[in-house]
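Text of the file my_file23.txt, holding compact mmCIF, C-alpha atoms:
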```
# COMPACT_ATOMS: atom_id res chain seq x y z
CA MET A 1 76.64 70.94 121.14
CA LYS A 2 74.74 71.93 118.01
CA PRO A 3 71.94 73.83 119.87
CA ALA A 4 74.56 75.77 121.86
CA PHE A 5 76.36 76.77 118.67
CA THR A 6 73.10 77.83 117.00
CA PHE A 7 72.14 79.88 120.07
CA LEU A 8 75.58 81.56 120.17
CA LEU A 9 75.41 82.34 116.45
CA ALA A 10 71.91 83.82 116.82
CA CYS A 11 73.11 86.01 119.71
CA LEU A 12 76.09 87.24 117.70
CA LEU A 13 73.95 88.08 114.68
CA THR A 14 71.43 89.92 116.87
CA LEU A 15 74.22 91.85 118.57
CA ALA A 16 75.80 92.72 115.22
CA GLY A 17 72.43 93.92 113.92
CA CYS A 18 71.97 96.16 116.96
CA GLN A 19 75.43 97.64 116.42
CA SER A 20 74.49 98.76 112.91
CA LEU A 21 71.38 100.68 113.99
CA PRO A 22 71.73 104.48 113.83
CA ASP A 23 71.82 106.21 117.17
CA LYS A 24 71.85 109.73 115.75
CA THR A 25 69.37 111.90 113.90
CA PRO A 26 69.54 111.26 110.14
CA ALA A 27 71.47 113.88 108.14
CA ASN A 28 68.39 114.93 106.19
CA LYS A 29 66.37 115.86 109.29
CA PRO A 30 66.16 119.54 110.28
CA ASP A 31 67.90 120.68 113.47
CA ASN A 32 70.41 117.87 113.27
CA GLU A 33 73.25 118.60 115.69
CA ASN A 34 75.29 115.69 114.32
CA LEU A 35 76.06 117.22 110.91
CA PRO A 36 79.73 117.93 110.24
CA SER A 37 80.74 121.57 110.30
CA GLY A 38 80.63 123.21 106.91
CA SER A 39 77.97 120.84 105.61
CA GLY A 40 76.31 123.65 103.70
CA ASN A 41 72.93 123.41 105.40
CA SER A 42 73.45 126.51 107.52
CA ASP A 43 74.02 129.05 104.73
CA GLN A 44 71.42 129.23 101.99
CA ASN A 45 73.35 131.92 100.07
CA THR A 46 76.18 129.72 98.80
CA VAL A 47 77.02 127.35 95.99
CA LEU A 48 79.48 124.48 96.16
CA LEU A 49 82.45 124.38 93.81
CA SER A 50 84.65 121.30 93.57
CA ALA A 51 88.10 122.11 94.94
CA ARG A 52 89.81 119.60 92.64
CA HIS A 53 88.57 117.92 89.51
CA CYS A 54 90.16 115.70 86.86
CA LEU A 55 88.82 115.01 83.38
CA SER A 56 88.96 111.63 81.70
CA GLU A 57 87.43 110.09 78.61
CA TYR A 58 86.91 106.49 77.56
CA VAL A 59 88.52 105.80 74.17
CA ARG A 60 86.34 103.04 72.77
CA ASP A 61 88.51 101.99 69.79
CA GLN A 62 91.49 101.53 72.15
CA SER A 63 89.45 100.07 75.04
CA ARG A 64 91.11 102.34 77.58
CA VAL A 65 90.56 105.46 79.65
CA HIS A 66 92.44 108.58 78.62
CA TYR A 67 93.39 110.59 81.69
CA GLY A 68 92.88 114.27 80.92
CA PRO A 69 94.00 117.36 82.80
CA CYS A 70 93.34 118.05 86.48
CA LEU A 71 92.46 121.41 88.02
CA LYS A 72 92.87 122.44 91.64
CA ILE A 73 91.65 125.68 93.21
CA ILE A 74 94.63 127.16 95.06
CA SER A 75 93.13 130.46 96.21
CA VAL A 76 89.79 132.23 96.65
CA GLY A 77 90.51 135.92 96.50
CA ASP A 78 93.92 136.06 98.13
CA LYS A 79 93.13 133.38 100.71
CA THR A 80 93.65 129.63 100.86
CA PRO A 81 90.32 127.92 100.12
CA GLN A 82 88.43 126.25 102.95
CA VAL A 83 87.79 122.79 101.51
CA ARG A 84 84.97 120.84 103.11
CA ASP A 85 85.13 117.14 103.93
CA ASP A 86 83.25 116.35 100.71
CA GLY A 87 85.89 118.12 98.57
CA PHE A 88 83.83 121.22 97.80
CA ILE A 89 84.35 124.90 98.59
CA ALA A 90 81.35 127.01 99.64
CA LEU A 91 81.21 130.27 97.66
CA PRO A 92 78.73 133.12 98.11
CA ILE A 93 76.22 133.70 95.33
CA ALA A 94 76.05 136.99 93.40
CA THR A 95 79.58 137.99 94.42
CA SER A 96 82.67 138.89 92.41
CA LEU A 97 85.66 136.66 93.20
CA THR A 98 88.93 135.70 91.59
CA LEU A 99 90.00 132.08 91.92
CA GLY A 100 93.61 131.05 91.57
CA VAL A 101 93.79 127.66 89.85
CA SER A 102 96.51 125.23 88.96
CA CYS A 103 96.26 122.71 86.12
CA VAL A 104 98.36 119.66 85.36
CA TYR A 105 98.17 117.05 82.61
CA ARG A 106 98.54 113.33 83.32
CA HIS A 107 100.45 110.34 81.98
CA ALA A 108 98.62 107.29 80.60
CA ASP A 109 98.69 105.74 84.09
CA GLY A 110 97.00 108.79 85.63
CA SER A 111 100.09 110.20 87.37
CA PRO A 112 100.75 113.95 86.95
CA ILE A 113 103.28 115.31 84.45
CA PRO A 114 105.09 117.98 86.54
CA LEU A 115 106.39 119.91 83.51
CA THR A 116 102.80 120.63 82.43
CA MET A 117 101.87 122.41 85.70
CA GLU A 118 100.36 125.80 84.94
CA THR A 119 98.56 128.40 87.07
CA THR A 120 96.00 130.96 86.03
CA GLU A 121 93.05 132.91 87.38
CA PHE A 122 89.33 132.38 86.91
CA SER A 123 86.97 135.32 87.47
CA ILE A 124 83.54 134.92 88.99
CA THR A 125 81.03 137.72 88.42
CA PRO A 126 77.84 138.43 90.38
CA GLN A 127 75.95 136.73 87.51
CA THR A 128 77.98 133.50 87.58
CA PHE A 129 76.21 131.93 90.58
CA THR A 130 72.64 133.11 91.07
CA GLU A 131 70.94 130.02 92.53
CA PRO A 132 72.07 128.83 95.99
CA GLY A 133 72.68 125.20 96.88
CA LYS A 134 73.95 124.00 93.47
CA ARG A 135 77.14 121.97 92.95
CA TRP A 136 79.57 123.14 90.28
CA TYR A 137 82.80 121.79 88.77
CA LEU A 138 85.67 123.78 87.31
CA HIS A 139 87.32 121.79 84.51
CA ALA A 140 90.91 122.38 83.38
CA ASN A 141 89.73 122.56 79.77
CA THR A 142 86.69 121.89 77.57
CA LYS A 143 87.81 118.38 76.53
CA ALA A 144 89.83 115.59 78.10
CA ARG A 145 91.92 114.90 74.99
CA GLN A 146 93.69 116.90 72.29
CA VAL A 147 93.84 120.13 74.28
CA ILE A 148 96.69 122.18 75.68
CA GLY A 149 96.95 124.79 78.38
CA CYS A 150 94.90 125.71 81.40
CA VAL A 151 91.51 127.03 80.26
CA PRO A 152 89.19 126.81 83.28
CA THR A 153 85.65 125.92 82.22
CA LEU A 154 82.73 126.06 84.64
CA SER A 155 80.23 123.20 84.44
CA ARG A 156 77.43 121.55 86.42
CA SER A 157 78.66 118.17 85.12
CA THR A 158 81.69 116.08 86.06
CA THR A 159 82.20 115.10 82.42
CA PRO A 160 84.02 117.21 79.82
CA THR A 161 82.03 119.89 78.02
CA TYR A 162 82.88 118.32 74.65
CA LYS A 163 83.78 114.79 73.61
CA THR A 164 86.89 114.42 71.48
CA ASP A 165 86.20 113.49 67.84
```
Whole structure given in structure tokens:
Amino acid sequence: MKPAFTFLLACLLTLAGCQSLPDKTPANKPDNENLPSGSGNSDQNTVLLSARHCLSEYVRDQSRVHYGPCLKIISVGDKTPQVRDDGFIALPIATSLTLGVSCVYRHADGSPIPLTMETTEFSITPQTFTEPGKRWYLHANTKARQVIGCVPTLSRSTTPTYKTD
């Protein structure tokens, strides 16, 4: 009985290993037909801007995370943004655009505070994005704590521009 069980277990492990092997061309290989649409590889004249981004900051003396404001892009020009599967919007470089954004602050548990919802516009000039292929984030403000209002701030980082004193 024991050899039969060992043989069956070996067959199952071999079969499971075969199931995990890739059967498609890796995503980093050129001419890959298996890439999702809008993956960004086809257009070398775009940058990627996060469609939604929330700030947070760890408060060491309180041993907790402070949930800062969130920003969501609600329009590109006068159109609804085309958000990719990875949460980014492809924007052309060296082009003037106006983004409509909405900001909301969050409770201590991370849930939104509806009364703090605010909308504004963020202008992109031809000099804003000059290098294609980069990922950018639009923050609701420069810090995660002790700020008010919707002051969109462009950054290459996911963290706030300034730490709170």
Computed gap from atom CA of Ser56 of chain A to atom CA of Arg145 of chain A is 8.0 Å
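The interatomic distance for the pair atom CA of Gln82 of chain A and atom CA of Ile148 of chain A works out to 28.8 Å.
Of the residues listed (A:Ile89, A:Val151, A:Leu99, A:Ala94), A:Ala94 shows the shortest atom-to-atom separation from Thr130 of chain A; distances use only C-alpha atoms.
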Show me the residues around (80.8, 119.9, 99.2) - criterion: an atom at most 9 Å away, all atoms listed in the file counted - as a PDB file with C-alpha atoms, keeping the file's coordinate frame.
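Okay, this is what ended up in part.pdb:
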```pdb
ATOM      1  CA  GLY A  38      80.630 123.210 106.910  1.00  0.00           C
ATOM      2  CA  SER A  39      77.970 120.840 105.610  1.00  0.00           C
ATOM      3  CA  GLY A  40      76.310 123.650 103.700  1.00  0.00           C
ATOM      4  CA  VAL A  47      77.020 127.350  95.990  1.00  0.00           C
ATOM      5  CA  LEU A  48      79.480 124.480  96.160  1.00  0.00           C
ATOM      6  CA  LEU A  49      82.450 124.380  93.810  1.00  0.00           C
ATOM      7  CA  SER A  50      84.650 121.300  93.570  1.00  0.00           C
ATOM      8  CA  ALA A  51      88.100 122.110  94.940  1.00  0.00           C
ATOM      9  CA  VAL A  83      87.790 122.790 101.510  1.00  0.00           C
ATOM     10  CA  ARG A  84      84.970 120.840 103.110  1.00  0.00           C
ATOM     11  CA  ASP A  85      85.130 117.140 103.930  1.00  0.00           C
ATOM     12  CA  ASP A  86      83.250 116.350 100.710  1.00  0.00           C
ATOM     13  CA  GLY A  87      85.890 118.120  98.570  1.00  0.00           C
ATOM     14  CA  PHE A  88      83.830 121.220  97.800  1.00  0.00           C
ATOM     15  CA  ILE A  89      84.350 124.900  98.590  1.00  0.00           C
ATOM     16  CA  ALA A  90      81.350 127.010  99.640  1.00  0.00           C
ATOM     17  CA  ARG A 135      77.140 121.970  92.950  1.00  0.00           C
TER      18      ARG A 135
END
```
Computed gap from atom CA of Thr98 of chain A to atom CA of Glu118 of chain A is 16.5 Å
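Minimum atom-to-atom distances from A:Ile93, A:Ile73, A:Ala144, A:Cys150 to Tyr58 of chain A were compared using all atoms listed in the file, and the lowest value belongs to A:Ala144.
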